[in-house]
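Quick look at input38.cif (mmCIF, C-alpha atoms):
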data_work
loop_
_atom_site.label_atom_id
_atom_site.label_comp_id
_atom_site.auth_asym_id
_atom_site.auth_seq_id
_atom_site.Cartn_x
_atom_site.Cartn_y
_atom_site.Cartn_z
CA MET A 1 -19.17 15.64 -13.14
CA GLU A 2 -18.68 11.91 -12.56
CA THR A 3 -14.95 12.39 -11.99
CA TYR A 4 -15.62 15.30 -9.64
CA LEU A 5 -18.08 13.28 -7.54
CA LEU A 6 -15.76 10.27 -7.48
CA ASP A 7 -12.96 12.50 -6.20
CA TRP A 8 -15.17 13.74 -3.39
CA ALA A 9 -16.24 10.19 -2.54
CA ASN A 10 -12.60 9.12 -2.56
CA LEU A 11 -11.59 11.99 -0.27
CA LEU A 12 -14.39 11.50 2.26
CA LEU A 13 -14.08 7.71 2.32
CA ARG A 14 -10.30 7.92 2.70
CA TRP A 15 -10.72 10.36 5.58
CA LEU A 16 -13.27 8.08 7.26
CA HIS A 17 -11.11 5.02 6.63
CA VAL A 18 -8.07 6.60 8.29
CA ILE A 19 -10.10 7.76 11.30
CA VAL A 20 -11.72 4.40 12.04
CA ALA A 21 -8.49 2.51 11.25
CA ILE A 22 -6.68 4.60 13.86
CA ALA A 23 -9.40 3.69 16.36
CA TRP A 24 -9.15 -0.02 15.54
CA ILE A 25 -5.36 -0.19 15.51
CA GLY A 26 -5.16 1.91 18.66
CA SER A 27 -7.49 -0.35 20.63
CA SER A 28 -5.78 -3.47 19.27
CA PHE A 29 -2.31 -2.22 20.20
CA TYR A 30 -3.52 -1.14 23.64
CA PHE A 31 -5.06 -4.49 24.55
CA VAL A 32 -2.04 -6.42 23.31
CA PHE A 33 0.13 -4.13 25.44
CA LEU A 34 -2.25 -4.63 28.35
CA ASP A 35 -2.14 -8.43 28.12
CA SER A 36 1.66 -8.37 27.90
CA SER A 37 2.02 -5.99 30.86
CA LEU A 38 -0.34 -7.60 33.38
CA THR A 39 1.22 -8.80 36.62
CA PRO A 40 -0.27 -11.17 39.21
CA PRO A 41 -2.62 -9.28 41.58
CA GLN A 42 -1.28 -8.31 44.99
CA ASP A 43 -4.62 -7.78 46.66
CA GLU A 44 -6.06 -10.97 48.20
CA GLN A 45 -9.63 -9.95 47.40
CA LEU A 46 -8.74 -9.62 43.71
CA LYS A 47 -7.30 -13.12 43.79
CA LYS A 48 -10.49 -14.45 45.39
CA ASP A 49 -12.58 -12.73 42.72
CA GLY A 50 -10.67 -14.61 40.01
CA VAL A 51 -8.42 -11.80 38.78
CA SER A 52 -5.45 -13.25 36.88
CA GLY A 53 -3.59 -10.00 36.21
CA GLU A 54 -3.59 -6.27 36.92
CA LEU A 55 -1.88 -3.12 35.72
CA TRP A 56 -1.36 0.25 37.35
CA ALA A 57 -0.91 3.11 34.89
CA VAL A 58 -0.92 6.89 34.90
CA HIS A 59 -2.22 8.93 31.95
CA GLY A 60 -3.79 12.32 31.40
CA GLY A 61 -3.45 13.36 35.03
CA GLY A 62 -5.17 10.29 36.46
CA PHE A 63 -4.37 6.77 37.65
CA TYR A 64 -5.89 3.66 36.07
CA HIS A 65 -6.14 0.16 37.46
CA PRO A 66 -7.39 -2.33 34.82
CA VAL A 67 -7.69 -5.98 35.87
CA LYS A 68 -8.25 -9.17 33.88
CA PHE A 69 -10.36 -12.08 35.07
CA ALA A 70 -9.14 -15.59 34.28
CA GLY A 71 -12.70 -16.71 33.67
CA ALA A 72 -16.02 -15.08 34.47
CA PRO A 73 -16.14 -12.06 36.79
CA PRO A 74 -18.20 -12.45 39.97
CA LYS A 75 -20.85 -10.17 38.46
CA LEU A 76 -21.36 -8.63 35.06
CA PRO A 77 -21.53 -4.82 35.09
CA GLU A 78 -24.60 -3.02 33.84
CA HIS A 79 -22.61 -1.35 31.07
CA LEU A 80 -20.20 -3.62 29.19
CA HIS A 81 -18.17 -2.03 26.37
CA TRP A 82 -17.70 -4.06 23.19
CA PHE A 83 -14.91 -3.46 20.69
CA TYR A 84 -16.19 -4.24 17.21
CA TRP A 85 -17.48 -1.12 15.48
CA GLU A 86 -13.89 0.01 14.80
CA SER A 87 -13.15 -3.20 12.89
CA TYR A 88 -16.36 -3.26 10.88
CA SER A 89 -16.17 0.46 10.02
CA THR A 90 -12.57 0.10 8.87
CA TRP A 91 -13.36 -2.80 6.56
CA LEU A 92 -16.54 -1.27 5.14
CA SER A 93 -14.90 2.10 4.42
CA GLY A 94 -11.83 0.36 3.00
CA PHE A 95 -13.88 -1.84 0.70
CA ALA A 96 -15.86 1.18 -0.47
CA LEU A 97 -12.57 2.92 -1.30
CA PHE A 98 -11.35 -0.17 -3.13
CA PHE A 99 -14.61 -0.25 -5.09
CA ILE A 100 -14.59 3.36 -6.30
CA SER A 101 -10.84 3.45 -6.95
CA TYR A 102 -10.06 0.03 -8.42
CA LEU A 103 -13.22 -1.93 -9.20
CA TRP A 104 -14.96 1.08 -10.76
CA SER A 105 -12.17 1.51 -13.32
CA PRO A 106 -10.51 -1.90 -13.62
CA SER A 107 -9.00 -1.20 -17.04
CA VAL A 108 -7.06 1.70 -15.54
CA TYR A 109 -6.16 0.46 -12.06
CA LEU A 110 -6.42 -3.35 -11.98
CA ILE A 111 -5.23 -4.42 -15.39
CA ASP A 112 -1.74 -4.04 -16.82
CA PRO A 113 -1.65 -5.73 -20.26
CA ASN A 114 2.10 -6.18 -19.91
CA ILE A 115 1.51 -8.41 -16.89
CA HIS A 116 -1.77 -10.15 -17.66
CA ASP A 117 -4.18 -9.04 -20.36
CA TRP A 118 -7.71 -10.07 -19.39
CA SER A 119 -11.21 -8.68 -19.32
CA PRO A 120 -12.38 -6.19 -16.66
CA ALA A 121 -15.00 -8.69 -15.44
CA ALA A 122 -12.40 -11.41 -14.97
CA ALA A 123 -10.05 -9.01 -13.16
CA ILE A 124 -12.79 -7.82 -10.79
CA THR A 125 -13.95 -11.37 -10.06
CA SER A 126 -10.41 -12.51 -9.37
CA ALA A 127 -9.70 -9.53 -7.11
CA LEU A 128 -12.77 -10.30 -5.00
CA ALA A 129 -11.82 -13.98 -4.97
CA PHE A 130 -8.48 -13.07 -3.36
CA LEU A 131 -10.34 -11.61 -0.37
CA VAL A 132 -12.58 -14.64 0.06
CA VAL A 133 -10.13 -17.46 -0.70
CA PHE A 134 -7.42 -16.10 1.60
CA TRP A 135 -9.88 -15.89 4.49
CA LEU A 136 -11.16 -19.43 3.90
CA ALA A 137 -7.63 -20.87 3.70
CA TYR A 138 -6.38 -18.91 6.72
CA ASP A 139 -9.46 -19.83 8.78
CA ALA A 140 -9.09 -23.52 7.87
CA ILE A 141 -5.46 -23.46 9.02
CA CYS A 142 -6.43 -21.90 12.35
CA ARG A 143 -9.35 -24.26 12.97
CA THR A 144 -7.46 -27.45 12.17
CA LEU A 145 -4.07 -26.65 13.72
CA GLY A 146 -4.54 -23.71 16.06
CA GLU A 147 -5.44 -25.74 19.14
CA LYS A 148 -2.83 -28.46 18.73
CA LYS A 149 0.46 -28.64 20.61
CA ASN A 150 2.88 -26.11 19.10
CA GLY A 151 -0.07 -25.06 16.98
CA ASP A 152 0.72 -21.34 17.08
CA ALA A 153 4.13 -21.82 15.49
CA LEU A 154 2.73 -24.14 12.82
CA VAL A 155 -0.13 -21.78 12.05
CA GLY A 156 2.30 -18.87 11.79
CA ALA A 157 4.53 -20.75 9.35
CA LEU A 158 1.65 -21.83 7.13
CA VAL A 159 0.09 -18.36 7.10
CA LEU A 160 3.47 -16.94 6.06
CA VAL A 161 3.56 -19.42 3.16
CA LEU A 162 -0.02 -18.50 2.25
CA VAL A 163 0.80 -14.77 2.18
CA CYS A 164 3.88 -15.44 0.02
CA VAL A 165 1.85 -17.46 -2.49
CA ALA A 166 -0.84 -14.76 -2.59
CA ALA A 167 1.75 -11.99 -3.08
CA TYR A 168 3.38 -13.89 -5.97
CA ALA A 169 0.02 -14.61 -7.61
CA ALA A 170 -1.30 -11.07 -7.22
CA THR A 171 1.79 -9.42 -8.72
CA HIS A 172 1.63 -11.80 -11.71
CA LEU A 173 -2.04 -11.12 -12.36
CA PHE A 174 -2.65 -7.45 -11.58
CA ALA A 175 -0.93 -4.13 -12.06
CA GLY A 176 1.77 -3.74 -9.41
CA ARG A 177 0.05 -0.93 -7.55
CA ALA A 178 -3.21 -2.85 -7.41
CA ALA A 179 -1.45 -6.09 -6.44
CA PHE A 180 0.16 -4.53 -3.37
CA LEU A 181 -3.10 -2.97 -2.24
CA LEU A 182 -5.02 -6.18 -2.93
CA VAL A 183 -2.71 -8.25 -0.73
CA GLY A 184 -3.16 -5.69 2.04
CA ALA A 185 -6.94 -5.73 1.59
CA MET A 186 -6.88 -9.53 1.62
CA ILE A 187 -5.14 -9.63 5.00
CA ALA A 188 -7.32 -6.81 6.36
CA THR A 189 -10.40 -8.81 5.36
CA ALA A 190 -9.12 -11.75 7.39
CA MET A 191 -8.54 -9.42 10.35
CA SER A 192 -12.09 -8.09 10.28
CA ALA A 193 -13.49 -11.58 9.67
CA ASN A 194 -11.64 -12.76 12.79
CA VAL A 195 -13.58 -10.18 14.77
CA PHE A 196 -16.91 -10.93 13.06
CA PHE A 197 -16.81 -14.74 13.00
CA TRP A 198 -14.74 -15.63 16.07
CA ILE A 199 -13.91 -12.92 18.60
CA ILE A 200 -17.32 -11.27 19.02
CA PRO A 201 -19.42 -14.50 18.75
CA GLY A 202 -17.17 -16.14 21.36
CA GLN A 203 -17.57 -13.18 23.69
CA ARG A 204 -21.34 -13.19 23.20
CA THR A 205 -21.44 -16.87 24.12
CA VAL A 206 -19.44 -16.21 27.29
CA VAL A 207 -21.70 -13.32 28.32
CA ALA A 208 -24.83 -15.41 27.63
CA ASP A 209 -23.46 -18.29 29.73
CA ILE A 210 -22.64 -15.96 32.64
CA LYS A 211 -26.12 -14.42 32.56
CA ALA A 212 -27.72 -17.87 32.45
CA GLY A 213 -25.56 -19.18 35.29
CA ARG A 214 -23.90 -21.81 33.08
CA PRO A 215 -20.22 -22.75 33.35
CA VAL A 216 -18.04 -20.71 31.00
CA ASP A 217 -16.01 -22.72 28.49
CA PRO A 218 -12.51 -21.19 28.42
CA ILE A 219 -12.06 -22.26 24.79
CA HIS A 220 -13.91 -19.14 23.62
CA GLY A 221 -11.41 -16.90 25.35
CA LYS A 222 -8.46 -18.86 23.98
CA ARG A 223 -9.75 -18.73 20.42
CA GLY A 224 -10.56 -15.03 20.66
CA LYS A 225 -7.10 -14.29 22.08
CA GLN A 226 -5.42 -16.30 19.31
CA ARG A 227 -7.24 -14.43 16.53
CA SER A 228 -6.62 -11.10 18.27
CA VAL A 229 -2.88 -11.83 18.42
CA HIS A 230 -2.90 -12.71 14.71
CA ASN A 231 -4.57 -9.38 13.98
CA THR A 232 -1.87 -7.41 15.76
CA TYR A 233 0.88 -9.09 13.69
CA PHE A 234 -1.07 -8.42 10.50
CA THR A 235 -1.35 -4.69 11.25
CA LEU A 236 2.04 -3.34 10.12
CA PRO A 237 2.14 -5.45 6.92
CA VAL A 238 -1.32 -4.17 6.02
CA LEU A 239 -0.32 -0.57 6.70
CA PHE A 240 2.66 -0.89 4.36
CA ALA A 241 0.48 -2.35 1.59
CA MET A 242 -1.97 0.53 1.95
CA LEU A 243 0.79 3.18 1.83
CA SER A 244 2.81 1.56 -0.96
CA ASN A 245 0.76 3.11 -3.78
CA HIS A 246 2.63 6.39 -3.13
CA TYR A 247 6.02 4.78 -3.78
CA SER A 248 6.26 3.40 -7.29
CA PHE A 249 9.83 2.14 -6.87
CA THR A 250 8.40 -0.72 -4.78
CA TYR A 251 5.55 -2.04 -6.91
CA THR A 252 7.07 -1.36 -10.35
CA HIS A 253 10.16 -3.49 -9.70
CA GLU A 254 10.38 -6.71 -11.71
CA LEU A 255 10.60 -8.68 -8.43
CA ASN A 256 7.93 -6.64 -6.68
CA TRP A 257 6.47 -9.72 -5.00
CA LEU A 258 9.74 -10.22 -3.10
CA ILE A 259 9.72 -6.58 -2.04
CA LEU A 260 6.16 -6.93 -0.76
CA ILE A 261 7.00 -10.08 1.21
CA GLY A 262 10.18 -8.53 2.59
CA MET A 263 8.41 -5.38 3.80
CA MET A 264 5.60 -7.38 5.37
CA PHE A 265 8.09 -9.70 7.10
CA ALA A 266 9.98 -6.69 8.46
CA GLY A 267 6.73 -5.18 9.75
CA ALA A 268 5.71 -8.39 11.53
CA ALA A 269 9.16 -8.77 13.12
CA ILE A 270 9.15 -5.19 14.38
CA ARG A 271 5.62 -5.66 15.74
CA GLN A 272 6.83 -8.74 17.63
CA PHE A 273 9.50 -6.59 19.27
CA PHE A 274 6.89 -4.16 20.58
CA VAL A 275 4.57 -6.95 21.72
CA MET A 276 7.30 -8.63 23.75
CA ARG A 277 8.92 -5.43 24.99
CA HIS A 278 6.10 -4.87 27.48
CA GLY A 279 6.02 -8.46 28.72
CA HIS A 280 7.10 -9.03 32.32
CA LYS A 281 7.54 -12.75 31.66
CA LEU A 282 10.78 -12.28 29.70
CA GLY A 283 12.88 -11.98 32.82
CA ARG A 284 15.13 -9.20 33.97
CA ASN A 285 18.01 -9.99 31.63
CA ALA A 286 15.96 -10.87 28.56
CA HIS A 287 15.09 -8.40 25.82
CA PRO A 288 13.30 -8.89 22.49
CA TRP A 289 15.79 -6.72 20.55
CA PRO A 290 16.65 -9.54 18.09
CA TYR A 291 13.17 -9.19 16.57
CA ALA A 292 13.68 -5.48 15.99
CA ALA A 293 17.15 -6.20 14.62
CA VAL A 294 15.78 -8.72 12.14
CA GLY A 295 13.14 -6.25 10.96
CA VAL A 296 15.63 -3.41 10.59
CA VAL A 297 18.16 -5.64 8.77
CA ALA A 298 15.41 -6.72 6.36
CA LEU A 299 14.57 -3.07 5.68
CA LEU A 300 18.22 -2.12 5.17
CA ALA A 301 18.68 -5.06 2.79
CA LEU A 302 15.72 -3.83 0.74
CA ILE A 303 17.07 -0.28 0.71
CA VAL A 304 20.43 -1.49 -0.61
CA TRP A 305 18.85 -3.85 -3.13
CA LEU A 306 16.49 -1.20 -4.54
CA ARG A 307 19.07 1.57 -4.82
CA PRO A 308 18.76 3.18 -8.25
CA ALA A 309 21.23 2.06 -10.85
CA PRO A 310 23.20 4.69 -12.76
CA VAL A 311 21.02 5.98 -15.57
CA GLU A 312 22.44 7.09 -18.86
CA ALA A 313 21.48 10.64 -19.67
CA VAL A 314 18.73 10.87 -22.27
CA ALA A 315 19.40 13.44 -24.94
CA ALA A 316 17.01 16.40 -24.84
CA PRO A 317 17.13 19.96 -26.13
CA GLU A 318 18.58 22.60 -23.83
CA THR A 319 15.20 24.32 -23.64
CA VAL A 320 11.77 22.86 -24.31
CA GLY A 321 8.60 24.84 -24.84
CA TYR A 322 4.97 23.92 -25.40
CA THR A 323 5.53 23.46 -29.14
CA GLU A 324 8.06 20.66 -28.57
CA ILE A 325 6.08 18.89 -25.87
CA LYS A 326 2.58 19.15 -27.42
CA PRO A 327 2.97 16.11 -29.73
CA VAL A 328 3.86 13.94 -26.73
CA ILE A 329 0.88 15.22 -24.75
CA ASP A 330 -1.47 14.62 -27.68
CA GLN A 331 -0.25 11.04 -28.06
CA ARG A 332 0.22 10.03 -24.43
CA CYS A 333 -1.94 12.21 -22.19
CA VAL A 334 -5.05 13.84 -23.65
CA MET A 335 -7.12 10.66 -23.80
CA CYS A 336 -7.41 10.89 -20.00
CA HIS A 337 -6.69 14.61 -19.53
CA GLY A 338 -8.40 16.28 -22.47
CA GLU A 339 -11.78 17.70 -23.44
CA ALA A 340 -13.66 14.39 -23.27
CA LEU A 341 -12.24 13.24 -19.94
CA GLN A 342 -10.47 15.15 -17.20
CA SER A 343 -9.21 12.45 -14.86
CA LYS A 344 -8.61 13.85 -11.36
CA ASN A 345 -9.90 17.18 -12.73
CA VAL A 346 -6.63 17.65 -14.61
CA ARG A 347 -6.79 18.91 -18.20
CA LEU A 348 -3.61 19.17 -20.30
CA ASP A 349 -4.82 19.93 -23.83
CA SER A 350 -3.98 23.63 -23.82
CA PRO A 351 -0.82 25.62 -22.99
CA GLU A 352 -2.53 27.41 -20.09
CA ALA A 353 -3.93 24.20 -18.58
CA LEU A 354 -0.56 22.47 -18.82
CA LYS A 355 1.13 25.47 -17.18
CA GLN A 356 -1.43 25.39 -14.37
CA HIS A 357 -0.56 21.78 -13.54
CA ALA A 358 3.16 22.01 -14.28
CA GLN A 359 4.33 21.03 -10.79
CA THR A 360 1.96 18.04 -10.64
CA VAL A 361 2.93 16.88 -14.13
CA TYR A 362 6.63 17.06 -13.27
CA GLN A 363 6.12 15.17 -10.00
CA GLN A 364 3.92 12.44 -11.49
CA VAL A 365 5.67 11.99 -14.86
CA VAL A 366 9.33 12.68 -14.15
CA VAL A 367 10.03 12.22 -10.43
CA MET A 368 7.70 9.39 -9.39
CA LYS A 369 6.93 8.02 -12.87
CA LEU A 370 3.39 7.23 -11.82
CA MET A 371 1.80 8.60 -14.96
CA PRO A 372 0.56 7.39 -17.33
CA MET A 373 -1.05 4.81 -15.03
CA ASN A 374 0.79 1.52 -15.57
CA ASN A 375 2.42 3.41 -18.47
CA ALA A 376 -0.57 2.35 -20.54
CA THR A 377 0.26 4.78 -23.36
CA GLY A 378 3.93 3.78 -23.54
CA LEU A 379 5.64 7.01 -22.52
CA THR A 380 9.36 6.59 -23.22
CA GLU A 381 12.33 7.74 -21.13
CA ALA A 382 13.21 10.24 -23.85
CA GLU A 383 9.71 11.71 -23.59
CA ARG A 384 9.97 11.89 -19.80
CA ALA A 385 13.25 13.77 -20.33
CA LEU A 386 11.34 16.24 -22.52
CA PHE A 387 8.87 16.86 -19.69
CA ALA A 388 11.79 17.40 -17.32
CA LYS A 389 13.46 19.94 -19.65
CA TRP A 390 10.13 21.68 -20.22
CA PHE A 391 9.61 22.13 -16.48
CA GLU A 392 13.22 23.15 -15.86
CA SER A 393 12.96 25.66 -18.73
CA GLY A 394 10.20 27.46 -16.86
CA ALA A 395 7.15 25.49 -18.10
CA ARG A 396 6.90 27.77 -21.14
CA VAL A 397 3.56 28.02 -22.96
CA LYS A 398 5.12 28.87 -26.35
#
Spit out the file's structure as structure tokens when you get a sec.
Amino acid sequence: METYLLDWANLLLRWLHVIVAIAWIGSSFYFVFLDSSLTPPQDEQLKKDGVSGELWAVHGGGFYHPVKFAGAPPKLPEHLHWFYWESYSTWLSGFALFFISYLWSPSVYLIDPNIHDWSPAAAITSALAFLVVFWLAYDAICRTLGEKKNGDALVGALVLVLVCVAAYAATHLFAGRAAFLLVGAMIATAMSANVFFWIIPGQRTVVADIKAGRPVDPIHGKRGKQRSVHNTYFTLPVLFAMLSNHYSFTYTHELNWLILIGMMFAGAAIRQFFVMRHGHKLGRNAHPWPYAAVGVVALLALIVWLRPAPVEAVAAPETVGYTEIKPVIDQRCVMCHGEALQSKNVRLDSPEALKQHAQTVYQQVVVMKLMPMNNATGLTEAERALFAKWFESGARVK
């Protein structure tokens, strides 16, 4: 019953997480596009009102005319929309997923004894520390260097180094699958913390100053814009980290930390292309295609590097039935998929049950090599070949 309820919690939380993440990423991408696409206002009244940029757009059968004020608008509207629930909901649902999937069963998901053999408590504490320490280090970099001359470039370089160090450390402490997700969660935590600690408080200060008739300090807008821009560059790297658990050839590689860094770098470069593509300040003959080219070249290099090497055929009988495969299942599988425990509601300790899950077993054991998790029971290539022959022989129950 516990496994059944955890599966439902995982499903519903994952569904919620995707929904609110789409809302957050969508609004983030839109406002970055909007800032990049604004042109100086043509109307003299808009200029007098302090409008620094405007955009005309058509969508859904209607025309839209958003404008941006350089400082405070002449008058605050009665209804002012705030963008923060998307960020907070995404982080809370994501952390809940991380808790029930990884922190709830650290011995299965967090710990790979072949990488680092430590206690569940130590693994959980260290995983949570990654989230906190990265935010503190990133925030310190932004606060100390972000407002200096050429500060954005320096901050970007140092954050890149910080992510590389974190990726190397995570993949040398945790199971590969968990390490990739943890690095993504670490960056996503910084994104949501940017909203919670900087963007929204700065906006609240500005609104309070306008209502009180006090001069508005432009530093709040500059800081909020800086953190918002950081968030948009973090987005594609985080999305890759979250999706990577479906592709074992990335996180099981012996140099998986380089793969993680390479994919995140490619994502950030491609995001830069889209950010600049809408900018009118580039000039008529300028185009940000080099950023897209760099991202695509990085991806192609990874594809070539990770191409599978020729594998020597593993000897296996021409046909394999349940009798031949049962000893392997008893030794490698039933401790998680037997009478005492049916992980993911999958039971493999009878011919009929194995037949029922034949397609899943073949996919997880032979094709993707995801099971056993972190190969904790030491399934050999010869044994995987037996599973393949069993499935190809018609998944026989005798």
Close residues, Gly53 (chain A) itself excluded, 10 Å, all atoms listed in the file, min 5 positions apart in chain, as a ChimeraX atom specification: /A:34-42,46-47,66-70
CA of Ala153 (chain A) to CA of Val296 (chain A), distance in Å rounded to a single decimal: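 Computed distance, CA of Ala153 (chain A) to CA of Val296 (chain A), equals 22.3 Å.
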Select from region 202-306 of chain A every residue with an atom at most 10 Å from any atom of region 140-143 of chain A, then for each give the shortest pair of atoms and their distance in Å to one decimal, using only C-alpha atoms, rows by chain and rising number, as a tab-separated table.
residue	atom	partner	partner_atom	distance
A:Arg223	CA	A:Cys142	CA	9.3
A:Gln226	CA	A:Cys142	CA	9.0
A:Arg227	CA	A:Cys142	CA	8.6
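Closest to Val229 (chain A) among A:Asn194, A:Thr319, A:Ser244, A:Gln203 is A:Asn194, based on all atoms listed in the file.
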Hits of the PyMOL selection byres ((chain A and resi 252-254) around 10) in this structure, as a list in words: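 This file, filtered by the PyMOL selection byres ((chain A and resi 252-254) around 10), leaves Thr171, Ala175, Gly176, Arg177, Tyr247, Ser248, Phe249, Thr250, Tyr251, Leu255, Asn256, Trp257, Leu258, Ile259, Leu306, Lys369, Leu370 and Asn374 of chain A.
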Selection dump of the PyMOL selection byres ((chain A and resi 144-147) around 12), as a count of residues only: 28
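Put simply, CA of Ala208 (chain A) is 25.2 Å away from CA of Asn231 (chain A).
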Write out as a CSV table (one decimal) with C-alpha atoms, keeping the file's coordinate frame the residues lying within 10 Å of Leu131 (chain A), counting all atoms listed in the file and excluding same-chain residues fewer than 4 positions away.
chain,number,residue,atom,x,y,z
A,126,SER,CA,-10.4,-12.5,-9.4
A,127,ALA,CA,-9.7,-9.5,-7.1
A,135,TRP,CA,-9.9,-15.9,4.5
A,136,LEU,CA,-11.2,-19.4,3.9
A,182,LEU,CA,-5.0,-6.2,-2.9
A,183,VAL,CA,-2.7,-8.2,-0.7
A,184,GLY,CA,-3.2,-5.7,2.0
A,185,ALA,CA,-6.9,-5.7,1.6
A,186,MET,CA,-6.9,-9.5,1.6
A,187,ILE,CA,-5.1,-9.6,5.0
A,188,ALA,CA,-7.3,-6.8,6.4
A,189,THR,CA,-10.4,-8.8,5.4
A,190,ALA,CA,-9.1,-11.8,7.4
